[in-house]
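A short write-up of the structure that comes next.
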Amino acid sequence: MKIATWNVNSLRVRLTHVLDWLQHEQPDVLALQETKTEDANFPVGELESAGYRSIFRGQKTYNGVAILSRKPALDVVSDLPNLEDPQRRILAATVDGWRIVNLYVPNGSEVGSDKYAYKLDWLARVHVWLEQELLHHPRMVVVGDFNIAPEDCDVHDPAAWHEKILCSAPERQAFRDLLALGFSDAFRAFEQPERSFSWWDYRMNGFRRNLGLRIDHILISRGLEKSCQACRIDAEPRKRERPSDHAPVVAQFG
DNA sequence: ATGGTAGGTTTCCTA
C-alpha cells in the first residue's frame with residue numbers, strides 16, 4: 001500500500017503534473033488539497049483514464065480536497081458533526097480497508113488574527129472528531145497540508161520564523177495533541193536528509209535556495225507503525241515549469 | 001516594516 005498527499009494549488013493548472021506523477025509513482029491513494037475546483041468541473045475522466053477513481057469536495061476559488069484511489073473509496077465523510085464550515089477542507093474515506101483522512105488545515109494568516117483563531121479552533125474540533133474515529137478505524141492514516149512545521153528542524157530559518165504563523169507554539173501544541181491521540185509522524189520514523197521541506201515560497205527563489213518548511217504530513221495510527229516501510233518527500237515535481245509550491249509526501253506500507 | 005510570486009476571476013484576497 002502506497003499513500004501520498006499533495007497540495008496542488010489548483011488542480012486545473014496542475015493536472016498534467018498530477019497525471020505524470022501518478023503514472024511514475026503508481027500510488028494506491030493520493031490525497032489532494034487546494035484543488036480550487038468546483039465539483040462540476042472536477043477532471044474525473046482524465047483521472048479515470050489514468051486508472052484512478054476520484055472523490056472530491058470542492059468550491060470556487062479556495063480550498064477543495066480530493067482522494068484519488070485505484071480501489072473504490074467507501075464511507076465518505078466531509079462534514080464533521082461538531083464543525084459547521086462552508087470551507088471544503090476535510091475528506092475521509094475507506095480504501096481497501098484503510099481509513100484515509102485528508103486534511104487541508106487553515107493557514108492562519110498571522111498569529112493573533114481572526115484566521116489564526118479559526119485555525120486553532122478548527123484543529124481542536126478535528127482533534128475531538130479524530131479521537132472518536134480512531135475507535136472505529138484502528139488502521140488510519142491522516143494526511144494533508146497541516147500548515148504546521150512541527151519542530152525547528154522542519155524550518156529553514158527557525159530564528160526568522162520564531163512564533164510566526166505555521167511555527168507558533170500553540171500550532172505546534174495542536175500538532176502534538178493530534179499525535180498524542182495515537183499517531184506517529186511517518187516521516188520522522190525514518191532517517192531523513194537534513195533540511196527536508198515540503199513547501200517553498202514562490203517568492204525570493206525559495207525552492208532554489210531550499211528556503212522551505214515541512215508542513216505536509218502523513219500521520220499513521222499505532223496499528224500501522226510496524227508495516228510502514230518508508231516515508232519521503234518527492235521534490236521532483238517542484239522543479240518543473242509552473243509547479244505547485246508544495247511537494248508530494250509518500251508513505252509505503254508492506 | 002515590507003516585498004517578493006502564484007492562482008483565482010480580482011480590481012483584491014489567500015497563501
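Identifiers for the C-alpha cells are assigned positionally: chains receive A, B, ... in sequence, residues are indexed from 1 per chain, and ligands are indexed from 1 in the order shown.
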Within 9 Å of chain B: residues of chain A, using only C-alpha atoms (C1' of nucleotides), as a list in words: Asn9, Ser10, Val13, Lys36, Lys60, Thr61, Tyr62, Asn107, Ser109, Asp201, Tyr202, Arg203, Met204, Arg242, Ser244 and Asp245 of chain A
Which of range 1-247 of chain A DSSP labels helix (DSSP H, G or I), written as a ChimeraX atom specification: /A:11-25,39-41,44-49,114-136,152-154,158-161,169-180,186-189,203-205,222-224,236-239
Selection above as a file: C-alpha atoms, as a JSON list (two decimals), in the first residue's frame:
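out-v2.json written:
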```json
[["chain", "number", "residue", "atom", "x", "y", "z"],
["A", 11, "LEU", "CA", -5.89, 21.08, -9.90],
["A", 12, "ARG", "CA", -6.80, 22.78, -13.18],
["A", 13, "VAL", "CA", -3.32, 24.22, -13.53],
["A", 14, "ARG", "CA", -1.55, 21.16, -12.11],
["A", 15, "LEU", "CA", -3.49, 18.33, -13.80],
["A", 16, "THR", "CA", -0.65, 17.26, -16.11],
["A", 17, "HIS", "CA", 1.75, 17.27, -13.15],
["A", 18, "VAL", "CA", -0.63, 15.05, -11.19],
["A", 19, "LEU", "CA", -1.21, 12.67, -14.11],
["A", 20, "ASP", "CA", 2.53, 12.38, -14.77],
["A", 21, "TRP", "CA", 3.25, 11.82, -11.10],
["A", 22, "LEU", "CA", 0.56, 9.15, -10.77],
["A", 23, "GLN", "CA", 1.99, 7.29, -13.74],
["A", 24, "HIS", "CA", 5.51, 7.49, -12.33],
["A", 25, "GLU", "CA", 4.75, 6.70, -8.68],
["A", 39, "ASP", "CA", -17.23, 19.62, -8.14],
["A", 40, "ALA", "CA", -18.94, 20.06, -11.52],
["A", 41, "ASN", "CA", -15.54, 20.79, -13.08],
["A", 44, "VAL", "CA", -12.99, 12.75, -13.33],
["A", 45, "GLY", "CA", -12.47, 11.45, -16.87],
["A", 46, "GLU", "CA", -8.77, 12.28, -17.16],
["A", 47, "LEU", "CA", -8.05, 10.62, -13.82],
["A", 48, "GLU", "CA", -10.22, 7.63, -14.69],
["A", 49, "SER", "CA", -8.17, 7.16, -17.86],
["A", 114, "ASP", "CA", -9.15, 36.04, 13.20],
["A", 115, "LYS", "CA", -7.90, 33.40, 10.76],
["A", 116, "TYR", "CA", -5.40, 32.20, 13.37],
["A", 117, "ALA", "CA", -8.21, 31.76, 15.91],
["A", 118, "TYR", "CA", -10.22, 29.88, 13.26],
["A", 119, "LYS", "CA", -7.22, 27.62, 12.62],
["A", 120, "LEU", "CA", -6.76, 26.70, 16.29],
["A", 121, "ASP", "CA", -10.50, 26.17, 16.79],
["A", 122, "TRP", "CA", -10.64, 24.04, 13.62],
["A", 123, "LEU", "CA", -7.73, 21.91, 14.85],
["A", 124, "ALA", "CA", -9.38, 21.45, 18.25],
["A", 125, "ARG", "CA", -12.59, 20.23, 16.61],
["A", 126, "VAL", "CA", -10.75, 17.89, 14.28],
["A", 127, "HIS", "CA", -8.89, 16.56, 17.33],
["A", 128, "VAL", "CA", -12.18, 15.67, 19.05],
["A", 129, "TRP", "CA", -13.50, 14.04, 15.90],
["A", 130, "LEU", "CA", -10.33, 12.01, 15.23],
["A", 131, "GLU", "CA", -10.36, 10.67, 18.77],
["A", 132, "GLN", "CA", -13.75, 9.10, 18.04],
["A", 133, "GLU", "CA", -12.80, 7.99, 14.53],
["A", 134, "LEU", "CA", -9.77, 6.15, 15.85],
["A", 135, "LEU", "CA", -12.04, 3.94, 17.95],
["A", 136, "HIS", "CA", -13.74, 2.68, 14.80],
["A", 152, "ASP", "CA", 12.62, 23.79, 14.36],
["A", 153, "CYS", "CA", 14.33, 21.13, 12.23],
["A", 154, "ASP", "CA", 11.34, 21.45, 9.88],
["A", 158, "PRO", "CA", 13.98, 28.83, 12.87],
["A", 159, "ALA", "CA", 15.02, 32.22, 14.24],
["A", 160, "ALA", "CA", 13.27, 34.14, 11.46],
["A", 161, "TRP", "CA", 10.15, 32.00, 11.88],
["A", 169, "ALA", "CA", 3.83, 27.32, 19.99],
["A", 170, "PRO", "CA", 0.00, 26.88, 20.01],
["A", 171, "GLU", "CA", 0.05, 25.45, 16.47],
["A", 172, "ARG", "CA", 2.85, 23.07, 17.37],
["A", 173, "GLN", "CA", 0.99, 22.06, 20.51],
["A", 174, "ALA", "CA", -2.11, 21.31, 18.42],
["A", 175, "PHE", "CA", 0.02, 19.10, 16.20],
["A", 176, "ARG", "CA", 1.46, 17.25, 19.19],
["A", 177, "ASP", "CA", -2.06, 16.88, 20.59],
["A", 178, "LEU", "CA", -3.07, 15.08, 17.39],
["A", 179, "LEU", "CA", -0.07, 12.77, 17.68],
["A", 180, "ALA", "CA", -0.99, 12.09, 21.31],
["A", 186, "ALA", "CA", 5.70, 8.75, 9.45],
["A", 187, "PHE", "CA", 8.42, 11.00, 8.03],
["A", 188, "ARG", "CA", 10.29, 11.11, 11.34],
["A", 189, "ALA", "CA", 10.11, 7.35, 11.78],
["A", 203, "ARG", "CA", 9.00, 34.29, -3.92],
["A", 204, "MET", "CA", 12.69, 35.03, -3.43],
["A", 205, "ASN", "CA", 13.79, 31.88, -5.28],
["A", 222, "ARG", "CA", -0.26, 2.73, 16.11],
["A", 223, "GLY", "CA", -1.57, -0.34, 14.34],
["A", 224, "LEU", "CA", 0.26, 0.66, 11.16],
["A", 236, "GLU", "CA", 10.98, 16.43, -8.26],
["A", 237, "PRO", "CA", 7.62, 17.96, -9.26],
["A", 238, "ARG", "CA", 8.69, 21.25, -7.62],
["A", 239, "LYS", "CA", 11.48, 21.51, -10.22]]
```
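Excluding Ser196 in chain A itself and same-chain residues fewer than 4 positions from it, the residues having an atom within 12 Å of it are A:Ala149, A:Glu151, A:Asp152, A:Cys153, A:Asp154, A:Val155, A:His156, A:Phe187, A:Arg188, A:Glu191, A:Gln192, A:Trp200, A:Phe207, A:Asn210, A:Leu211, A:Gly212, A:Leu213, A:Arg214, A:Ile215, A:Asp216, A:Cys231, A:Arg232, A:Ile233, A:Asp234, A:Ala235, A:Ala247, A:Val249, counting only C-alpha atoms (C1' of nucleotides).
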One-decimal distance in Å that lies between CA of Arg139 in chain A and CA of Arg99 in chain A: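 Going from CA of Arg99 in chain A over to CA of Arg139 in chain A covers 6.1 Å.
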Those in range 13-76 of chain A with strand (DSSP E) from DSSP, as a ChimeraX atom specification: /A:29-33,53-57,65-69,73-76
Surrounding residues of Met140 in chain A excluding itself and chain neighbours under 5 positions, 7 Å, only C-alpha atoms (C1' of nucleotides), as a list in words: Trp98, Arg99, Ile100, Ile220 and Ser221 of chain A
